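Colleague: Input run-v8.json, format and content: JSON, C-alpha atoms.
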[["chain", "number", "residue", "atom", "x", "y", "z"],
["A", 1, "MET", "CA", -5.71, -18.22, 2.39],
["A", 2, "ALA", "CA", -3.35, -15.64, 3.87],
["A", 3, "ALA", "CA", -4.68, -12.20, 4.78],
["A", 4, "PRO", "CA", -3.70, -9.30, 2.50],
["A", 5, "PHE", "CA", -1.62, -6.29, 3.45],
["A", 6, "GLN", "CA", -0.66, -3.06, 1.70],
["A", 7, "LEU", "CA", 2.70, -2.95, -0.11],
["A", 8, "THR", "CA", 4.17, 0.26, -1.48],
["A", 9, "VAL", "CA", 7.51, 0.28, -3.31],
["A", 10, "ILE", "CA", 8.93, 3.73, -4.01],
["A", 11, "THR", "CA", 12.00, 4.89, -5.94],
["A", 12, "PRO", "CA", 13.22, 8.48, -6.32],
["A", 13, "GLU", "CA", 11.56, 8.57, -9.76],
["A", 14, "LYS", "CA", 8.19, 6.92, -9.13],
["A", 15, "THR", "CA", 5.91, 4.70, -7.12],
["A", 16, "PHE", "CA", 6.91, 1.32, -8.53],
["A", 17, "PHE", "CA", 4.15, -0.71, -6.83],
["A", 18, "ASP", "CA", 1.19, 0.24, -4.66],
["A", 19, "GLY", "CA", -1.31, -2.49, -3.92],
["A", 20, "GLU", "CA", -2.28, -5.48, -1.85],
["A", 21, "THR", "CA", -0.39, -8.72, -1.55],
["A", 22, "THR", "CA", -0.46, -11.64, 0.85],
["A", 23, "GLN", "CA", 3.28, -12.27, 1.06],
["A", 24, "ILE", "CA", 6.64, -10.86, 0.06],
["A", 25, "ILE", "CA", 10.15, -12.22, 0.31],
["A", 26, "VAL", "CA", 12.95, -9.67, 0.32],
["A", 27, "ARG", "CA", 16.70, -9.69, 0.93],
["A", 28, "THR", "CA", 17.90, -7.60, 3.87],
["A", 29, "THR", "CA", 21.46, -7.06, 5.03],
["A", 30, "GLU", "CA", 20.73, -9.79, 7.62],
["A", 31, "GLY", "CA", 19.37, -12.30, 5.08],
["A", 32, "ASP", "CA", 16.15, -13.09, 3.25],
["A", 33, "ILE", "CA", 12.90, -12.54, 5.15],
["A", 34, "GLY", "CA", 9.28, -13.34, 4.43],
["A", 35, "ILE", "CA", 6.54, -10.89, 5.36],
["A", 36, "LEU", "CA", 2.90, -11.83, 5.92],
["A", 37, "ALA", "CA", -0.01, -9.75, 7.24],
["A", 38, "ASN", "CA", 0.33, -8.72, 10.89],
["A", 39, "HIS", "CA", 4.13, -9.03, 10.78],
["A", 40, "THR", "CA", 5.94, -7.49, 13.72],
["A", 41, "SER", "CA", 7.20, -3.94, 13.19],
["A", 42, "LEU", "CA", 10.54, -3.82, 11.44],
["A", 43, "VAL", "CA", 12.96, -1.43, 9.78],
["A", 44, "ALA", "CA", 15.86, -2.97, 7.85],
["A", 45, "SER", "CA", 18.44, -2.05, 5.23],
["A", 46, "LEU", "CA", 18.19, -3.65, 1.81],
["A", 47, "PRO", "CA", 21.24, -4.44, -0.28],
["A", 48, "SER", "CA", 20.83, -5.11, -4.00],
["A", 49, "GLY", "CA", 18.76, -8.27, -4.18],
["A", 50, "PRO", "CA", 15.55, -9.93, -5.25],
["A", 51, "LEU", "CA", 12.01, -9.06, -4.17],
["A", 52, "LYS", "CA", 9.22, -11.59, -4.59],
["A", 53, "VAL", "CA", 5.65, -10.28, -4.47],
["A", 54, "MET", "CA", 2.77, -12.77, -4.20],
["A", 55, "GLN", "CA", 0.13, -12.09, -6.84],
["A", 56, "ALA", "CA", -3.58, -12.86, -6.67],
["A", 57, "SER", "CA", -2.91, -15.93, -8.86],
["A", 58, "GLY", "CA", -0.80, -17.42, -6.06],
["A", 59, "GLU", "CA", 2.43, -17.01, -8.03],
["A", 60, "TYR", "CA", 5.29, -14.69, -7.19],
["A", 61, "ARG", "CA", 6.31, -11.79, -9.38],
["A", 62, "LEU", "CA", 10.04, -11.23, -9.15],
["A", 63, "ALA", "CA", 11.81, -7.87, -9.11],
["A", 64, "ALA", "CA", 15.40, -6.64, -8.78],
["A", 65, "VAL", "CA", 15.83, -4.10, -5.97],
["A", 66, "SER", "CA", 18.83, -1.82, -5.68],
["A", 67, "ALA", "CA", 19.86, -0.76, -2.20],
["A", 68, "GLY", "CA", 17.20, 0.71, 0.03],
["A", 69, "LEU", "CA", 15.14, 0.37, 3.18],
["A", 70, "ILE", "CA", 12.08, -1.62, 4.27],
["A", 71, "LYS", "CA", 9.63, -0.45, 6.93],
["A", 72, "VAL", "CA", 6.96, -2.83, 8.23],
["A", 73, "GLY", "CA", 4.21, -1.81, 10.62],
["A", 74, "GLY", "CA", 0.46, -1.59, 11.01],
["A", 75, "ASN", "CA", -0.22, -4.15, 8.25],
["A", 76, "LYS", "CA", 1.61, -1.92, 5.79],
["A", 77, "VAL", "CA", 4.98, -2.47, 4.16],
["A", 78, "ASN", "CA", 6.95, 0.34, 2.56],
["A", 79, "ILE", "CA", 10.08, -0.27, 0.53],
["A", 80, "PHE", "CA", 12.19, 2.71, -0.43],
["A", 81, "ALA", "CA", 14.81, 1.76, -3.03],
["A", 82, "ASP", "CA", 17.30, 3.45, -5.32],
["A", 83, "ALA", "CA", 15.82, 1.49, -8.24],
["A", 84, "VAL", "CA", 13.47, -1.45, -8.82],
["A", 85, "GLU", "CA", 12.68, -3.43, -11.98],
["A", 86, "TRP", "CA", 10.41, -6.37, -12.63],
["A", 87, "ALA", "CA", 12.52, -9.33, -13.74],
["A", 88, "ASP", "CA", 10.59, -9.70, -16.99],
["A", 89, "GLU", "CA", 11.30, -6.05, -17.88],
["A", 90, "ILE", "CA", 15.08, -6.12, -17.34],
["A", 91, "ASP", "CA", 17.09, -5.30, -20.43],
["A", 92, "ILE", "CA", 19.64, -8.09, -20.01],
["A", 93, "GLU", "CA", 22.00, -6.79, -22.71],
["A", 94, "TRP", "CA", 22.13, -3.38, -21.02],
["A", 95, "ALA", "CA", 22.74, -5.07, -17.65],
["A", 96, "LYS", "CA", 25.66, -7.05, -19.12],
["A", 97, "ARG", "CA", 27.14, -3.88, -20.64],
["A", 98, "SER", "CA", 26.80, -2.18, -17.23],
["A", 99, "GLU", "CA", 28.62, -5.10, -15.62],
["A", 100, "GLU", "CA", 31.53, -4.84, -18.07],
["A", 101, "ASN", "CA", 31.70, -1.05, -17.72],
["A", 102, "ALA", "CA", 31.81, -1.33, -13.92],
["A", 103, "LYS", "CA", 34.56, -3.96, -14.08],
["A", 104, "GLN", "CA", 36.61, -1.68, -16.35],
["A", 105, "ARG", "CA", 36.17, 1.24, -13.95],
["A", 106, "ILE", "CA", 37.25, -0.94, -11.03],
["A", 107, "ALA", "CA", 40.35, -2.07, -12.93],
["A", 108, "ALA", "CA", 41.24, 1.54, -13.80],
["A", 109, "LYS", "CA", 41.43, 2.48, -10.09],
["A", 110, "ASN", "CA", 41.15, 6.21, -10.85],
["A", 111, "SER", "CA", 40.11, 7.31, -7.36],
["A", 112, "GLU", "CA", 38.59, 5.90, -4.19],
["A", 113, "ARG", "CA", 35.26, 7.56, -4.99],
["A", 114, "ASP", "CA", 35.23, 6.19, -8.53],
["A", 115, "LEU", "CA", 36.07, 2.73, -7.19],
["A", 116, "ASP", "CA", 33.20, 2.90, -4.67],
["A", 117, "LEU", "CA", 30.72, 3.99, -7.36],
["A", 118, "ALA", "CA", 31.94, 1.30, -9.76],
["A", 119, "GLU", "CA", 31.53, -1.38, -7.09],
["A", 120, "LEU", "CA", 27.95, -0.24, -6.42],
["A", 121, "LYS", "CA", 27.21, -0.28, -10.16],
["A", 122, "LEU", "CA", 28.70, -3.77, -10.43],
["A", 123, "LYS", "CA", 26.52, -5.06, -7.57],
["A", 124, "ARG", "CA", 23.44, -3.55, -9.20],
["A", 125, "ALA", "CA", 24.28, -5.03, -12.62],
["A", 126, "LEU", "CA", 24.97, -8.49, -11.16],
["A", 127, "ASN", "CA", 21.72, -8.36, -9.19],
["A", 128, "ARG", "CA", 19.75, -7.47, -12.33],
["A", 129, "ILE", "CA", 21.43, -10.31, -14.26],
["A", 130, "ASN", "CA", 20.82, -12.83, -11.45],
["A", 131, "VAL", "CA", 17.18, -11.84, -11.02],
["A", 132, "HIS", "CA", 16.60, -12.01, -14.78],
["A", 133, "ASN", "CA", 18.27, -15.45, -14.94],
["A", 134, "THR", "CA", 16.18, -16.69, -11.98],
["A", 135, "LEU", "CA", 13.06, -15.84, -13.98],
["A", 136, "LEU", "CA", 14.29, -18.07, -16.83],
["A", 137, "LYS", "CA", 14.70, -21.15, -14.59]]
Output the file's structure in the form of structure tokens.

Modeller:
Amino acid sequence: MAAPFQLTVITPEKTFFDGETTQIIVRTTEGDIGILANHTSLVASLPSGPLKVMQASGEYRLAAVSAGLIKVGGNKVNIFADAVEWADEIDIEWAKRSEENAKQRIAAKNSERDLDLAELKLKRALNRINVHNTLLK
């Protein structure tokens, strides 16, 4: 059995997760990576993407992470993210409405700033929908 390590996932609003796990898989800007105990030190950017956290049962719990940062070192992993939701807690109807709203804002092309914000909201909505749908498979 793999050795445990400390995982802390923090958003601006709360500590989303703080506990031990034996493995995580997370999407970085360079691709998906797996982290086990005693992983080499690392700091990487996180785009919107999935996070898989190994539970004591040996099964992964899936979450949707909005952009952030991961720091690995000293058998401790910290993830700092704009937002994180467990896949089974995602309000899929709200995520679909967010997707449509973002697409409308992109089509309106009001300003460069509005376009940038709408694109970020679209990425977040699509990530939430994809993570939720992955849970259903």

Colleague: Hey, what's within 10 Å of segment 13-24 of chain A if we count all atoms listed in the file and toss same-chain stuff fewer than 6 positions away? As a PyMOL selection string, please?

Modeller: chain A and resi 1-7+33-37+51-56+58+60-62+76-86

Colleague: At what distance in Å, to one decimal, does atom CA of Ala87 of chain A lie from atom CA of His132 of chain A?

Modeller: 5.0 Å

Colleague: Point out the residue among A:Ser98, A:Gln104, A:Asn110, A:Ser41 with the least atom-to-atom distance to Gly73 of chain A, counting all atoms listed in the file.

Modeller: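 For Gly73 of chain A, the nearest of the given residues is A:Ser41.
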
Colleague: Identify which of the residues A:Ala95, A:Val72, A:Ala67, A:Ile90 lies closest to Thr40 of chain A, counting all atoms listed in the file when measuring atom-to-atom distances.

Modeller: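 Once distances to Thr40 of chain A are computed over all atoms listed in the file, the minimum belongs to A:Val72.
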
Colleague: Work out how far atom CA of Ser48 of chain A is from atom CA of Asn127 of chain A, in Å to one decimal.

Modeller: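 It comes out at 6.2 Å.
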
Colleague: Rounded to one decimal in Å, what is the spacing between atom CA of Ser66 of chain A and atom CA of Gly49 of chain A?

Modeller: 6.6 Å
